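What follows is one structure encoded as structure tokens, with my remarks underneath.
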Amino acid sequence: MSGNTSNTAPSSDSTDDPVRNRQRDSAGADESHVRVEQIRKTFNDGSVVACEDVNIDIDEGEFVVLVGPSGCGKTTTLRCIAGLEQPDDGRIVVDGDDVTDAKPKDRNLAFVFQSIALFPHMTVRRNIRFGLDMNTDLPDEEKDRRVEDVAETLGIDGMLDRKPKALSGGQQQRVSLGRAMVMEPDAFLLDEPFSALDANLRDQMRVEVKQIQRELNKPMVFVTHDQEEAMTLGDKIVVMDDGNVQQIGTPHEIYNDPTNLFVADFIGSPSPNLLDCTVVEDGGELRLRNAAFEVSVTDEQAAVLRERVGDRVVLGVRPEYLALNDAETNGAFTANVDVVEPLGDRDAVHLSADGQSLSAVTPQGRVGRRTDEVAVEMEIERAWLFETDGTRLV
Amino acid sequence: MSTGSSLGLGDVEIGDVWTRFMTYVVLTFLVMVNLVPFLFIISVSFTPPEAFFGDPSLVPANPTLEAWTKGFADLRDNLVNSAIIATGTAVISMAITIPGAYAFARKRFYGKKVGFYAIIVAMMFPYILLVIPVMDIWNSTGLYNTIPGMWIAYQIFVTPFAIWILRDFFQKLPQDLEEAAQVYGCTQFSAFVRVILPLAAPGIVAVGFLAFLTGWNDFLFSNLLTTGVGPVPAVPVLYGTIGGGSGERVYWGKLMAETLIIGAPPTVLYLFARNYLENAFAVK
């Protein structure tokens, strides 16, 4: 399935079935493990809408990433799932049980906090054991065994008797993961868990978390504002903005086929080129005219644009679909080279043409440091077209 | 450079020497201001009355325990009263202000801001203004000249201060910690008991100590709300030793001994609570 817009529920067959929604569902194979249905949450007596119409289905063993700019409602959504916020409307279903009104402790979900939130007055061991001590009647040996297993998995078994303060940031976040893992919860909820760590450690922790999730085969909901982190981690990505879900899909769907201008702009680095164009008809052929260039469209695009001659649309094209050649050769248009930004095996080239900024990604060294001007060729068949209000046309 | 400064005089700036010198001058002065009177108090408490009015010296020629034994005999019952009053004051104020301050720190309720400032403003009144209404009310409610009466009277000025301090303490603790506790099996209340209370211990001990001190050291209320037949605490007895301002002969040795006896329990308590107190008021 490609992206869903905010107002249509994800096309899982269970969500529209009222009978199933009322009572405890049988745990069928096609059943979503965690379901967020029509969540709405406001703050300050309704004056601030944090999230609205949020529908997310999370399957057993699925890694779901909620991504969006700060204030988009992703953390609020996660906190609603955890029970740390009470939604104004909607339901949360975990493993077939409606837990919308359940206390956080009764949901069997584990939450990993951005601030890590270890209990500073307890040792690492007691921190990890905390949930078992509070919420289970397991014998002590079983608790100890679980704590030690988890500590070993996370590589913190030598630190069990230290206080959190004596640990580095990465180790602390591992303890916090351990505190979640010993509970053997129905799902893990992680709220930007690595934002306090430095870049190298963050990459390493990402890999570890994904491995852990694969091994445990439990659903994980991960919140981040970093689209790159979202792309690398998620089986399913939920892009949110302004309290609404903009699109739900696999990383490739989100990247290749954004449902609207926001998703297109938000995902991918450098950001796609979004260019204002006018639809013109030239001897029966439809073309897009911009201050800098004019391109003919594909048949598929033409079919949509046929009715819109004279309208303004936004042409979106990823930097990697702009090809740069020597200025002398024939291209769609020429542009000035502002900055070349090496990204490793590729270079990001920032261009300007007739007052518009563009960026392109080229193989390393394609554009020399002294190059002033290049000819730009656009792969129009890989471009998207949007209405000026952001809705995707084609 | 700091290494080997004792040897390499050439590296030491004259300004550094001057700063260090002035530091010690100021320190010495401050220590003396506190220590000299204290030495006199100790000295006088061991000096026989004749020697005091005759030819006193810092180290008494014929030291005597007379002032101490007499002073202690006079104070014994009152010290017990003081202990009950001060401990009760501390316990009751904790029972009121820990939940109160937590509510002001974390909960949302109508009139929170106004309520908080009303409590703070109550602190601005000089206590003496309260004497007449308090005596009046205590008389008519039967609290006058009783230990519970004293406990409640001290709450008037202990609780606002305690709520103020503790509210800041609770506010500074990250909310995530309580939420983490709730996710991992606590109710709001057990999260408070297991996570917030231990972390707020420095503040709670500090406030409890100050409440105890108030109950122990106060003179105004203890003198006005008790009579000779009631639970008179120790401090008003001290006032009696001075002669109640009557201008009669003052037994200075006994006065000094009683001062030291009354001062001893809070000092011991302070030594126990010291680590907490330093955490509570340290700038973080």
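Residues are named by chain letter and number: chains run A, B, ... in the order of the structure tokens, numbers start at 1 in each chain, and ligands are numbered from 1 in the order shown.
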
Task: Within 6 Å of chain B: residues of chain A, using only C-alpha atoms, as a ChimeraX atom specification - done: /A:104-105,117,131,134-135

Open item on the list: Show me, as a PyMOL selection string, the residues that have an atom within 10 Å of Phe170 (chain B) when counting only C-alpha atoms, minus same-chain residues fewer than 6 positions from it.
Closed with: chain B and resi 98+101-106+196-197+199-200+203

How about saving the chosen residues, C-alpha atoms kept, as a PDB file, in the first residue's frame?
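Final file, part_7.pdb:
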ATOM      1  CA  ILE B  98       5.147  17.361  51.737  1.00  0.00           C
ATOM      2  CA  ALA B 101       4.273  21.305  48.221  1.00  0.00           C
ATOM      3  CA  TYR B 102       3.972  18.360  45.839  1.00  0.00           C
ATOM      4  CA  ALA B 103       0.530  19.499  44.822  1.00  0.00           C
ATOM      5  CA  PHE B 104       1.791  23.022  44.201  1.00  0.00           C
ATOM      6  CA  ALA B 105       4.731  21.646  42.218  1.00  0.00           C
ATOM      7  CA  ARG B 106       2.998  19.080  40.039  1.00  0.00           C
ATOM      8  CA  ILE B 196      10.229  11.385  44.560  1.00  0.00           C
ATOM      9  CA  LEU B 197      10.508  11.136  48.334  1.00  0.00           C
ATOM     10  CA  LEU B 199      15.235  12.113  45.841  1.00  0.00           C
ATOM     11  CA  ALA B 200      13.726  14.994  47.779  1.00  0.00           C
ATOM     12  CA  GLY B 203      14.964  19.140  51.105  1.00  0.00           C
TER      13      GLY B 203
END

Open item on the list: Can you tell me which residues surround region 77-82 of chain A at a distance of at most 10 Å, considering only C-alpha atoms, apart from same-chain residues fewer than 6 positions away, and format the answer as number ranges by chain?
Closed with: A: 34-36, 39-41, 50-52, 54-56, 66, 88, 91-94, 99-100, 102-111, 187-191, 221-223, 243; B: 179, 182-183

Task: Contacts of region 60-62 of chain A at 12 Å (only C-alpha atoms; same-chain gap of 3+ positions) as a PyMOL selection string - done: chain A and resi 27-35+56-57+65+94-96+185-188+210-222+233-237+250

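Here CA of Ile267 (chain A) and CA of Leu324 (chain A) stand 22.6 Å from one another.
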
Task: Members of region 56-280 of chain A assigned helix (DSSP H, G or I) by DSSP, as a ChimeraX atom specification - done: /A:74-82,104-106,124-135,140-154,157-159,164-166,169-181,199-216,227-233,251-256,261-266

Task: Contacts of Ser70 (chain A) within 12 Å, only C-alpha atoms, excl. fewer than 6 positions in-chain, as a list in words - done: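 Those residues are Ala50, Thr76, Glu192, Val223, Thr224, His225, Asp226, Gln227, Val239, Met240, Asp241, Asp242 and Gly243 of chain A.
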
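Considering only C-alpha atoms, the residue among B:Leu58, B:Phe212, B:Val193, B:Ala122 positioned nearest to Ser93 (chain B) is B:Phe212.
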
What's the 8 Å shell around Met123 (chain B), counting only C-alpha atoms, without same-chain residues fewer than 4 positions away, as a PDB file with all heavy atoms, in the first residue's frame?
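The new file out.pdb reads:
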ATOM      1  N   ILE B 119       0.043  31.986  50.583  1.00  0.00           N
ATOM      2  CA  ILE B 119       0.839  31.320  51.612  1.00  0.00           C
ATOM      3  C   ILE B 119       2.159  32.054  51.829  1.00  0.00           C
ATOM      4  O   ILE B 119       2.611  32.255  52.953  1.00  0.00           O
ATOM      5  CB  ILE B 119       1.087  29.850  51.195  1.00  0.00           C
ATOM      6  CG1 ILE B 119      -0.226  29.062  51.297  1.00  0.00           C
ATOM      7  CG2 ILE B 119       2.154  29.214  52.069  1.00  0.00           C
ATOM      8  CD1 ILE B 119      -0.133  27.665  50.744  1.00  0.00           C
ATOM      9  N   PHE B 157       3.986  29.713  61.095  1.00  0.00           N
ATOM     10  CA  PHE B 157       5.139  30.235  60.333  1.00  0.00           C
ATOM     11  C   PHE B 157       6.073  29.173  59.791  1.00  0.00           C
ATOM     12  O   PHE B 157       6.932  29.464  58.994  1.00  0.00           O
ATOM     13  CB  PHE B 157       5.903  31.350  61.059  1.00  0.00           C
ATOM     14  CG  PHE B 157       6.025  31.222  62.538  1.00  0.00           C
ATOM     15  CD1 PHE B 157       7.108  30.592  63.112  1.00  0.00           C
ATOM     16  CD2 PHE B 157       5.046  31.760  63.357  1.00  0.00           C
ATOM     17  CE1 PHE B 157       7.218  30.504  64.486  1.00  0.00           C
ATOM     18  CE2 PHE B 157       5.153  31.664  64.727  1.00  0.00           C
ATOM     19  CZ  PHE B 157       6.243  31.038  65.297  1.00  0.00           C
ATOM     20  N   PRO B 160       4.463  27.833  55.687  1.00  0.00           N
ATOM     21  CA  PRO B 160       4.683  28.568  54.428  1.00  0.00           C
ATOM     22  C   PRO B 160       6.109  28.410  53.926  1.00  0.00           C
ATOM     23  O   PRO B 160       6.346  28.146  52.750  1.00  0.00           O
ATOM     24  CB  PRO B 160       4.404  30.026  54.818  1.00  0.00           C
ATOM     25  CG  PRO B 160       3.589  29.962  56.033  1.00  0.00           C
ATOM     26  CD  PRO B 160       3.985  28.717  56.756  1.00  0.00           C
ATOM     27  N   PHE B 161       7.043  28.543  54.827  1.00  0.00           N
ATOM     28  CA  PHE B 161       8.443  28.424  54.441  1.00  0.00           C
ATOM     29  C   PHE B 161       8.738  27.023  53.888  1.00  0.00           C
ATOM     30  O   PHE B 161       9.378  26.872  52.841  1.00  0.00           O
ATOM     31  CB  PHE B 161       9.311  28.716  55.669  1.00  0.00           C
ATOM     32  CG  PHE B 161      10.777  28.666  55.390  1.00  0.00           C
ATOM     33  CD1 PHE B 161      11.386  29.675  54.648  1.00  0.00           C
ATOM     34  CD2 PHE B 161      11.547  27.613  55.854  1.00  0.00           C
ATOM     35  CE1 PHE B 161      12.738  29.618  54.389  1.00  0.00           C
ATOM     36  CE2 PHE B 161      12.903  27.556  55.591  1.00  0.00           C
ATOM     37  CZ  PHE B 161      13.503  28.562  54.862  1.00  0.00           C
TER      38      PHE B 161
END
